[in-house]
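So this one's data38.pdb, PDB, C-alpha atoms and all ligand atoms:
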MODEL        1
ATOM      1  CA  MET A   1       0.000   0.000   0.000  1.00  0.00           C
ATOM      2  CA  ARG A   2       1.412   3.389  -0.995  1.00  0.00           C
ATOM      3  CA  ARG A   3       1.446   6.071   1.648  1.00  0.00           C
ATOM      4  CA  SER A   4       0.510   8.959  -0.604  1.00  0.00           C
ATOM      5  CA  SER A   5      -1.819  10.425   2.031  1.00  0.00           C
ATOM      6  CA  ARG A   6       1.020  10.459   4.529  1.00  0.00           C
ATOM      7  CA  VAL A   7       3.278  12.182   2.016  1.00  0.00           C
ATOM      8  CA  THR A   8       1.047  15.220   2.095  1.00  0.00           C
ATOM      9  CA  ASP A   9       0.730  15.300   5.892  1.00  0.00           C
ATOM     10  CA  HIS A  10       2.284  18.405   7.422  1.00  0.00           C
ATOM     11  CA  LYS A  11       4.278  16.873  10.243  1.00  0.00           C
ATOM     12  CA  MET A  12       7.257  18.249  12.094  1.00  0.00           C
ATOM     13  CA  GLY A  13      10.456  16.954  10.559  1.00  0.00           C
ATOM     14  CA  SER A  14      13.300  15.368  12.493  1.00  0.00           C
ATOM     15  CA  ALA A  15      16.064  17.958  12.998  1.00  0.00           C
ATOM     16  CA  GLY A  16      19.216  17.222  11.055  1.00  0.00           C
ATOM     17  CA  PHE A  17      17.829  14.191   9.216  1.00  0.00           C
ATOM     18  CA  LEU A  18      18.258  15.665   5.730  1.00  0.00           C
ATOM     19  CA  GLU A  19      21.796  16.800   6.550  1.00  0.00           C
ATOM     20  CA  GLN A  20      22.680  13.368   7.935  1.00  0.00           C
ATOM     21  CA  VAL A  21      21.347  11.555   4.866  1.00  0.00           C
ATOM     22  CA  GLU A  22      23.292  13.913   2.604  1.00  0.00           C
ATOM     23  CA  ALA A  23      26.473  13.423   4.623  1.00  0.00           C
ATOM     24  CA  ASP A  24      26.129   9.618   4.670  1.00  0.00           C
ATOM     25  CA  SER A  25      25.242   9.266   0.995  1.00  0.00           C
ATOM     26  CA  GLY A  26      27.340  12.086  -0.437  1.00  0.00           C
ATOM     27  CA  GLU A  27      24.269  13.137  -2.468  1.00  0.00           C
ATOM     28  CA  LYS A  28      22.419  16.449  -2.483  1.00  0.00           C
ATOM     29  CA  VAL A  29      18.877  15.307  -1.781  1.00  0.00           C
ATOM     30  CA  ARG A  30      17.752  18.919  -1.352  1.00  0.00           C
ATOM     31  CA  ILE A  31      18.111  19.661  -5.089  1.00  0.00           C
ATOM     32  CA  CYS A  32      15.468  17.091  -6.083  1.00  0.00           C
ATOM     33  CA  TYR A  33      12.644  19.009  -7.743  1.00  0.00           C
ATOM     34  CA  GLN A  34      10.103  16.166  -7.879  1.00  0.00           C
ATOM     35  CA  CYS A  35      10.032  15.554 -11.621  1.00  0.00           C
ATOM     36  CA  GLY A  36       9.239  11.872 -10.936  1.00  0.00           C
ATOM     37  CA  LYS A  37      11.567  10.460 -13.610  1.00  0.00           C
ATOM     38  CA  CYS A  38      13.226   8.176 -11.044  1.00  0.00           C
ATOM     39  CA  SER A  39       9.903   6.578 -10.114  1.00  0.00           C
ATOM     40  CA  ALA A  40       8.775   6.268 -13.731  1.00  0.00           C
ATOM     41  CA  GLY A  41      11.853   4.192 -14.573  1.00  0.00           C
ATOM     42  CA  CYS A  42      12.246   2.145 -11.395  1.00  0.00           C
ATOM     43  CA  PRO A  43      11.670  -1.560 -12.143  1.00  0.00           C
ATOM     44  CA  VAL A  44      10.650  -2.275  -8.554  1.00  0.00           C
ATOM     45  CA  ALA A  45       8.361   0.733  -8.021  1.00  0.00           C
ATOM     46  CA  TYR A  46       5.218  -1.420  -8.350  1.00  0.00           C
ATOM     47  CA  SER A  47       6.033  -3.163  -5.068  1.00  0.00           C
ATOM     48  CA  MET A  48       7.223  -0.151  -3.043  1.00  0.00           C
ATOM     49  CA  ASP A  49       5.052   1.601  -0.470  1.00  0.00           C
ATOM     50  CA  LEU A  50       6.750   4.919  -1.259  1.00  0.00           C
ATOM     51  CA  LEU A  51       7.865   5.760  -4.779  1.00  0.00           C
ATOM     52  CA  PRO A  52      11.509   6.864  -5.036  1.00  0.00           C
ATOM     53  CA  ASN A  53      10.522  10.515  -5.657  1.00  0.00           C
ATOM     54  CA  GLN A  54       8.137  10.422  -2.654  1.00  0.00           C
ATOM     55  CA  LEU A  55      10.950   9.073  -0.532  1.00  0.00           C
ATOM     56  CA  MET A  56      13.223  11.913  -1.649  1.00  0.00           C
ATOM     57  CA  ARG A  57      10.550  14.432  -0.696  1.00  0.00           C
ATOM     58  CA  LEU A  58      10.100  12.916   2.758  1.00  0.00           C
ATOM     59  CA  VAL A  59      13.838  13.095   3.318  1.00  0.00           C
ATOM     60  CA  GLN A  60      13.776  16.776   2.326  1.00  0.00           C
ATOM     61  CA  LEU A  61      10.988  17.316   4.864  1.00  0.00           C
ATOM     62  CA  GLY A  62      12.986  15.503   7.545  1.00  0.00           C
ATOM     63  CA  LEU A  63      10.299  12.853   8.108  1.00  0.00           C
ATOM     64  CA  LYS A  64      12.696  10.305   9.481  1.00  0.00           C
ATOM     65  CA  ASP A  65      10.246   7.773  10.921  1.00  0.00           C
ATOM     66  CA  GLU A  66       8.234   7.655   7.692  1.00  0.00           C
ATOM     67  CA  VAL A  67      11.383   7.100   5.667  1.00  0.00           C
ATOM     68  CA  LEU A  68      13.128   4.559   7.874  1.00  0.00           C
ATOM     69  CA  SER A  69       9.976   2.461   8.317  1.00  0.00           C
ATOM     70  CA  CYS A  70       9.061   2.126   4.638  1.00  0.00           C
ATOM     71  CA  SER A  71       9.544  -0.952   2.485  1.00  0.00           C
ATOM     72  CA  THR A  72      11.119   1.033  -0.365  1.00  0.00           C
ATOM     73  CA  ILE A  73      14.617   1.178   1.094  1.00  0.00           C
ATOM     74  CA  TRP A  74      14.638  -2.631   1.445  1.00  0.00           C
ATOM     75  CA  LEU A  75      13.196  -3.340  -1.990  1.00  0.00           C
ATOM     76  CA  CYS A  76      15.532  -1.071  -3.944  1.00  0.00           C
ATOM     77  CA  ALA A  77      17.729  -3.317  -6.088  1.00  0.00           C
ATOM     78  CA  SER A  78      20.509  -0.706  -6.494  1.00  0.00           C
ATOM     79  CA  CYS A  79      20.151  -1.002 -10.261  1.00  0.00           C
ATOM     80  CA  GLU A  80      20.900   2.727 -10.741  1.00  0.00           C
ATOM     81  CA  THR A  81      18.176   3.219 -13.388  1.00  0.00           C
ATOM     82  CA  CYS A  82      16.872   6.170 -11.383  1.00  0.00           C
ATOM     83  CA  ALA A  83      20.290   7.803 -11.194  1.00  0.00           C
ATOM     84  CA  THR A  84      20.776   7.601 -14.953  1.00  0.00           C
ATOM     85  CA  ARG A  85      17.371   9.272 -15.499  1.00  0.00           C
ATOM     86  CA  CYS A  86      17.633  11.984 -12.862  1.00  0.00           C
ATOM     87  CA  PRO A  87      18.023  15.438 -14.442  1.00  0.00           C
ATOM     88  CA  ARG A  88      19.690  16.666 -11.228  1.00  0.00           C
ATOM     89  CA  GLU A  89      22.169  13.759 -11.314  1.00  0.00           C
ATOM     90  CA  ILE A  90      21.299  12.587  -7.815  1.00  0.00           C
ATOM     91  CA  GLY A  91      22.616   9.117  -6.953  1.00  0.00           C
ATOM     92  CA  ILE A  92      19.317   7.851  -5.561  1.00  0.00           C
ATOM     93  CA  ALA A  93      20.630   4.320  -5.053  1.00  0.00           C
ATOM     94  CA  ARG A  94      23.336   5.755  -2.803  1.00  0.00           C
ATOM     95  CA  VAL A  95      20.665   7.568  -0.822  1.00  0.00           C
ATOM     96  CA  MET A  96      18.776   4.271  -0.439  1.00  0.00           C
ATOM     97  CA  ASP A  97      21.969   2.621   0.724  1.00  0.00           C
ATOM     98  CA  ALA A  98      22.605   5.297   3.342  1.00  0.00           C
ATOM     99  CA  LEU A  99      19.002   4.977   4.560  1.00  0.00           C
ATOM    100  CA  ARG A 100      19.285   1.190   4.909  1.00  0.00           C
ATOM    101  CA  HIS A 101      22.445   1.590   7.001  1.00  0.00           C
ATOM    102  CA  MET A 102      20.778   4.234   9.138  1.00  0.00           C
ATOM    103  CA  ALA A 103      17.697   2.032   9.650  1.00  0.00           C
ATOM    104  CA  ARG A 104      19.927  -0.869  10.744  1.00  0.00           C
ATOM    105  CA  ARG A 105      21.992   1.310  13.085  1.00  0.00           C
ATOM    106  CA  GLU A 106      18.910   2.763  14.726  1.00  0.00           C
ATOM    107  CA  HIS A 107      17.076  -0.580  14.984  1.00  0.00           C
ATOM    108  CA  TYR A 108      14.141   0.164  12.710  1.00  0.00           C
ATOM    109  CA  PRO A 109      12.536  -3.168  11.765  1.00  0.00           C
ATOM    110  CA  VAL A 110      13.151  -4.442   8.246  1.00  0.00           C
ATOM    111  CA  GLN A 111       9.797  -4.070   6.515  1.00  0.00           C
ATOM    112  CA  VAL A 112      10.244  -6.908   4.026  1.00  0.00           C
ATOM    113  CA  ARG A 113      10.408 -10.347   5.649  1.00  0.00           C
ATOM    114  CA  GLU A 114      12.433 -11.898   2.829  1.00  0.00           C
ATOM    115  CA  VAL A 115      15.303  -9.385   3.021  1.00  0.00           C
ATOM    116  CA  PRO A 116      17.104 -10.704   6.144  1.00  0.00           C
ATOM    117  CA  LEU A 117      16.534 -14.271   4.902  1.00  0.00           C
ATOM    118  CA  PHE A 118      18.028 -13.335   1.530  1.00  0.00           C
ATOM    119  CA  VAL A 119      21.081 -11.744   3.153  1.00  0.00           C
ATOM    120  CA  SER A 120      21.768 -14.571   5.608  1.00  0.00           C
ATOM    121  CA  THR A 121      21.299 -17.255   2.913  1.00  0.00           C
ATOM    122  CA  PHE A 122      23.610 -15.324   0.588  1.00  0.00           C
ATOM    123  CA  ILE A 123      26.326 -14.960   3.245  1.00  0.00           C
ATOM    124  CA  SER A 124      26.134 -18.645   4.281  1.00  0.00           C
ATOM    125  CA  ASN A 125      26.481 -19.631   0.633  1.00  0.00           C
ATOM    126  CA  LEU A 126      29.568 -17.411   0.259  1.00  0.00           C
ATOM    127  CA  LYS A 127      31.102 -18.735   3.478  1.00  0.00           C
ATOM    128  CA  ARG A 128      30.645 -22.284   2.314  1.00  0.00           C
ATOM    129  CA  PHE A 129      31.666 -22.030  -1.356  1.00  0.00           C
ATOM    130  CA  GLY A 130      33.704 -18.825  -1.632  1.00  0.00           C
ATOM    131  CA  ARG A 131      31.477 -17.400  -4.336  1.00  0.00           C
ATOM    132  CA  LEU A 132      27.803 -17.646  -5.003  1.00  0.00           C
ATOM    133  CA  TRP A 133      26.458 -21.044  -6.041  1.00  0.00           C
ATOM    134  CA  GLU A 134      23.153 -19.883  -7.511  1.00  0.00           C
ATOM    135  CA  ALA A 135      21.369 -23.251  -7.605  1.00  0.00           C
ATOM    136  CA  GLY A 136      22.128 -23.919  -3.933  1.00  0.00           C
ATOM    137  CA  PHE A 137      21.219 -20.373  -2.986  1.00  0.00           C
ATOM    138  CA  VAL A 138      17.801 -20.464  -4.689  1.00  0.00           C
ATOM    139  CA  GLY A 139      17.018 -23.907  -3.188  1.00  0.00           C
ATOM    140  CA  VAL A 140      17.781 -22.830   0.384  1.00  0.00           C
ATOM    141  CA  PHE A 141      16.149 -19.403  -0.002  1.00  0.00           C
ATOM    142  CA  ASN A 142      12.930 -20.914  -1.385  1.00  0.00           C
ATOM    143  CA  LEU A 143      12.882 -23.430   1.453  1.00  0.00           C
ATOM    144  CA  ARG A 144      13.318 -20.702   4.072  1.00  0.00           C
ATOM    145  CA  THR A 145      10.671 -18.420   2.581  1.00  0.00           C
ATOM    146  CA  GLY A 146       8.194 -21.222   1.911  1.00  0.00           C
ATOM    147  CA  HIS A 147       8.011 -20.503  -1.837  1.00  0.00           C
ATOM    148  CA  LEU A 148       9.319 -23.909  -2.797  1.00  0.00           C
ATOM    149  CA  THR A 149       8.850 -23.807  -6.552  1.00  0.00           C
ATOM    150  CA  LYS A 150       9.537 -20.110  -7.136  1.00  0.00           C
ATOM    151  CA  ASP A 151      11.713 -19.508 -10.240  1.00  0.00           C
ATOM    152  CA  MET A 152      12.113 -23.261 -10.794  1.00  0.00           C
ATOM    153  CA  GLY A 153      10.626 -22.961 -14.291  1.00  0.00           C
ATOM    154  CA  LYS A 154      13.635 -20.890 -15.340  1.00  0.00           C
ATOM    155  CA  ALA A 155      16.170 -23.534 -14.339  1.00  0.00           C
ATOM    156  CA  PRO A 156      16.060 -25.819 -17.451  1.00  0.00           C
ATOM    157  CA  GLY A 157      16.679 -22.918 -19.862  1.00  0.00           C
ATOM    158  CA  MET A 158      19.489 -21.541 -17.703  1.00  0.00           C
ATOM    159  CA  LEU A 159      21.094 -24.971 -17.418  1.00  0.00           C
ATOM    160  CA  ARG A 160      20.924 -25.438 -21.199  1.00  0.00           C
ATOM    161  CA  LYS A 161      22.633 -22.085 -21.755  1.00  0.00           C
ATOM    162  CA  GLY A 162      25.317 -22.812 -19.165  1.00  0.00           C
ATOM    163  CA  LYS A 163      24.102 -20.004 -16.880  1.00  0.00           C
ATOM    164  CA  LEU A 164      23.460 -22.274 -13.899  1.00  0.00           C
ATOM    165  CA  ALA A 165      25.849 -24.812 -12.382  1.00  0.00           C
ATOM    166  CA  LEU A 166      24.419 -27.965 -10.852  1.00  0.00           C
ATOM    167  CA  LEU A 167      27.504 -28.453  -8.686  1.00  0.00           C
ATOM    168  CA  PRO A 168      29.017 -25.878  -6.309  1.00  0.00           C
ATOM    169  CA  PRO A 169      32.161 -23.981  -7.374  1.00  0.00           C
ATOM    170  CA  ARG A 170      35.591 -24.920  -6.048  1.00  0.00           C
ATOM    171  CA  ILE A 171      37.900 -22.036  -5.439  1.00  0.00           C
ATOM    172  CA  LYS A 172      41.285 -21.444  -3.840  1.00  0.00           C
ATOM    173  CA  GLY A 173      41.900 -19.315  -0.763  1.00  0.00           C
ATOM    174  CA  MET A 174      38.734 -20.227   1.141  1.00  0.00           C
ATOM    175  CA  ASP A 175      40.400 -19.366   4.453  1.00  0.00           C
ATOM    176  CA  LYS A 176      41.054 -15.793   3.233  1.00  0.00           C
ATOM    177  CA  ILE A 177      37.485 -15.380   2.022  1.00  0.00           C
ATOM    178  CA  ARG A 178      36.062 -16.608   5.349  1.00  0.00           C
ATOM    179  CA  LYS A 179      38.394 -14.244   7.190  1.00  0.00           C
ATOM    180  CA  MET A 180      37.217 -11.343   5.020  1.00  0.00           C
ATOM    181  CA  ILE A 181      33.530 -12.148   5.643  1.00  0.00           C
ATOM    182  CA  LYS A 182      34.177 -12.465   9.375  1.00  0.00           C
ATOM    183  CA  ARG A 183      35.822  -9.036   9.395  1.00  0.00           C
ATOM    184  CA  VAL A 184      32.864  -7.474   7.532  1.00  0.00           C
ATOM    185  CA  GLU A 185      30.453  -9.073  10.012  1.00  0.00           C
ATOM    186  CA  GLU A 186      32.468  -7.656  12.923  1.00  0.00           C
ATOM    187  CA  VAL A 187      32.437  -4.159  11.405  1.00  0.00           C
ATOM    188  CA  ASN A 188      28.665  -4.400  10.819  1.00  0.00           C
ATOM    189  CA  ARG A 189      28.086  -5.312  14.468  1.00  0.00           C
ATOM    190  CA  GLN A 190      29.991  -2.212  15.679  1.00  0.00           C
TER     191      GLN A 190
HETATM  192  S1  LIG A 201      18.276   1.914  -7.830  1.00  0.00           S
HETATM  193 FE1  LIG A 201      16.512   1.347  -6.575  1.00  0.00          FE
HETATM  194  S2  LIG A 201      15.153   3.106  -6.642  1.00  0.00           S
HETATM  195 FE2  LIG A 201      16.612   3.326  -8.317  1.00  0.00          FE
HETATM  196  S3  LIG A 201      15.592   2.437 -10.081  1.00  0.00           S
HETATM  197 FE3  LIG A 201      16.838   0.819  -9.189  1.00  0.00          FE
HETATM  198  S4  LIG A 201      15.495  -0.238  -7.756  1.00  0.00           S
HETATM  199 FE4  LIG A 201      14.495   1.711  -8.265  1.00  0.00          FE
HETATM  200  S1  LIG A 202      14.528  12.054 -10.987  1.00  0.00           S
HETATM  201 FE1  LIG A 202      15.845  13.238  -9.597  1.00  0.00          FE
HETATM  202  S2  LIG A 202      14.955  15.296  -9.527  1.00  0.00           S
HETATM  203 FE2  LIG A 202      13.412  13.924 -10.411  1.00  0.00          FE
HETATM  204  S3  LIG A 202      12.169  13.272  -8.654  1.00  0.00           S
HETATM  205 FE3  LIG A 202      13.739  11.733  -8.924  1.00  0.00          FE
HETATM  206  S4  LIG A 202      15.419  12.375  -7.599  1.00  0.00           S
HETATM  207 FE4  LIG A 202      14.063  14.121  -7.846  1.00  0.00          FE
ENDMDL
END
Please express the file's structure as structure tokens.
Amino acid sequence: MRRSSRVTDHKMGSAGFLEQVEADSGEKVRICYQCGKCSAGCPVAYSMDLLPNQLMRLVQLGLKDEVLSCSTIWLCASCETCATRCPREIGIARVMDALRHMARREHYPVQVREVPLFVSTFISNLKRFGRLWEAGFVGVFNLRTGHLTKDMGKAPGMLRKGKLALLPPRIKGMDKIRKMIKRVEEVNRQ
């Protein structure tokens, strides 16, 4: 459900929120003039509760709670389509990234149930095989989310074209990769 009614609410903004988002992302959110080109091109907009341009406006207004509790920041796929369309050259994906980090730091709940499952399944796969083994990843992720047959129809075509490996990859330097992941996990906990 989109929150268009809440976008037009005149609430008090959270002091310093806009400045913090700009500092974290390195992007000038304040120069967004609401042309809507980002939202028109976003491939995931149909599933977001706030369109990317609405999100930018809420950040400008300092409506921190609205922004950090929306599903949009978790659904953004960082594809950068919005950034390439933006006439003000704002890196919207970088803004989304900064907002996700802020939401994590400040313990706002993740609004999309599948996101933490996706991340933990992805990291376990990397820890085990050193790089992503897609077939194993999809199998475990579908099991954990309860969508057992999701995307299975695509597998035969991908296998035929050599885009999907039935067996996991074998790579050198697994100890270094595990060490690197451990370090990233430690930094994220700080
Ligand atoms: S980077 Fe995110 S917000 Fe921008 S177009 Fe892609 S999915 Fe949409
Ligand atoms: S495309 Fe750029 S200027 Fe237009 S609404 Fe989106 S962020 Fe704002």
Checklist line | Near-ligand residues for ligand LIG 202 (chain A), threshold 8 Å, all atoms listed in the file, as a list in words | finding: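 Based on all atoms listed in the file, ligand LIG 202 (chain A) is surrounded within 8 Å by Val29, Ile31, Cys32, Tyr33, Gln34, Cys35, Gly36, Lys37, Cys38, Ser39, Pro52, Asn53, Gln54, Met56, Arg57, Cys82, Ala83, Arg85, Cys86, Pro87, Arg88, Glu89, Ile90, Gly91 and Ile92 of chain A.
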Which residues sit within 6 Å of ligand LIG 201 (chain A), counting only C-alpha atoms and all ligand atoms, listed as a PDB file with C-alpha atoms, keeping the file's coordinate frame?
ATOM      1  CA  CYS A  42      12.246   2.145 -11.395  1.00  0.00           C
ATOM      2  CA  PRO A  43      11.670  -1.560 -12.143  1.00  0.00           C
ATOM      3  CA  VAL A  44      10.650  -2.275  -8.554  1.00  0.00           C
ATOM      4  CA  PRO A  52      11.509   6.864  -5.036  1.00  0.00           C
ATOM      5  CA  CYS A  76      15.532  -1.071  -3.944  1.00  0.00           C
ATOM      6  CA  ALA A  77      17.729  -3.317  -6.088  1.00  0.00           C
ATOM      7  CA  SER A  78      20.509  -0.706  -6.494  1.00  0.00           C
ATOM      8  CA  CYS A  79      20.151  -1.002 -10.261  1.00  0.00           C
ATOM      9  CA  GLU A  80      20.900   2.727 -10.741  1.00  0.00           C
ATOM     10  CA  THR A  81      18.176   3.219 -13.388  1.00  0.00           C
ATOM     11  CA  CYS A  82      16.872   6.170 -11.383  1.00  0.00           C
ATOM     12  CA  ILE A  92      19.317   7.851  -5.561  1.00  0.00           C
ATOM     13  CA  ALA A  93      20.630   4.320  -5.053  1.00  0.00           C
TER      14      ALA A  93
END
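Comparing the minimum interatomic distances between A:Arg100 and each of A:Ala135, A:Glu22, A:Leu75, A:Ala165, counting all atoms listed in the file, we find that A:Leu75 sits nearest.
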Note to self: Show me the residues around (27.5, -28.1, -5.3) - criterion: an atom at most 10 Å away, all atoms listed in the file counted - as a PyMOL selection string.
What the structure shows: chain A and resi 129+133-136+165-170
Checklist line | Distance of atom CA of A:Ile181 from atom CA of A:Arg113, expressed in Å to one decimal place | finding: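 About the pair atom CA of A:Arg113 and atom CA of A:Ile181: they are 23.2 Å apart.
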Item checked: From A:Met102, A:Val112, A:Met174, A:Ala45, residue lying nearest A:Cys70 [all atoms listed in the file] -> A:Val112
Check: When you draw a straight line from atom CA of A:Phe137 to atom CA of A:Val95, how long is it in Å?
Finding: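 Going from atom CA of A:Phe137 over to atom CA of A:Val95, I get 28.0 Å.
In this model, the gap between atom CA of A:Trp74 and atom CA of A:Gln111 comes to 7.2 Å.
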Notebook entry, point to check: Counting all atoms listed in the file, which of A:Ser124, A:Thr84, A:Ser14, A:Ser47 gets nearest to A:Ser71?
Noted result: A:Ser47
Note to self: Applying 12 Å and only C-alpha atoms, which residues near stretch 142-149 of chain A remain after dropping the ones on its own chain fewer than 2 positions away? List them as an MDAnalysis selection string.
What the structure shows: chainID A and resid 112:121 134:140 151:155
Next item on the list: For A:Ala23, list every protein, DNA or RNA residue within 12 Å, evaluated using all atoms listed in the file, and leave out those in the same chain fewer than 3 positions away; present the list as a PyMOL selection string.
Entry: chain A and resi 16-20+26-30+94-95+98-99+102
Next item on the list: Between A:Arg104, A:Gly41, A:Arg131, A:Gln60, single out the one closest to A:Ile177, counting all atoms listed in the file.
Entry: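 So, comparing all the options, the nearest one is A:Arg131.
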Check: Which is closest to A:Asn188 among A:Arg105, A:Val21, A:Thr72, A:Glu66, if we use all atoms listed in the file?
Finding: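 So, comparing all the options, the nearest one is A:Arg105.
Distance check against A:Ala15 using only C-alpha atoms: of A:Leu63, A:Leu159, A:Lys172, A:Glu186, the minimum falls on A:Leu63.
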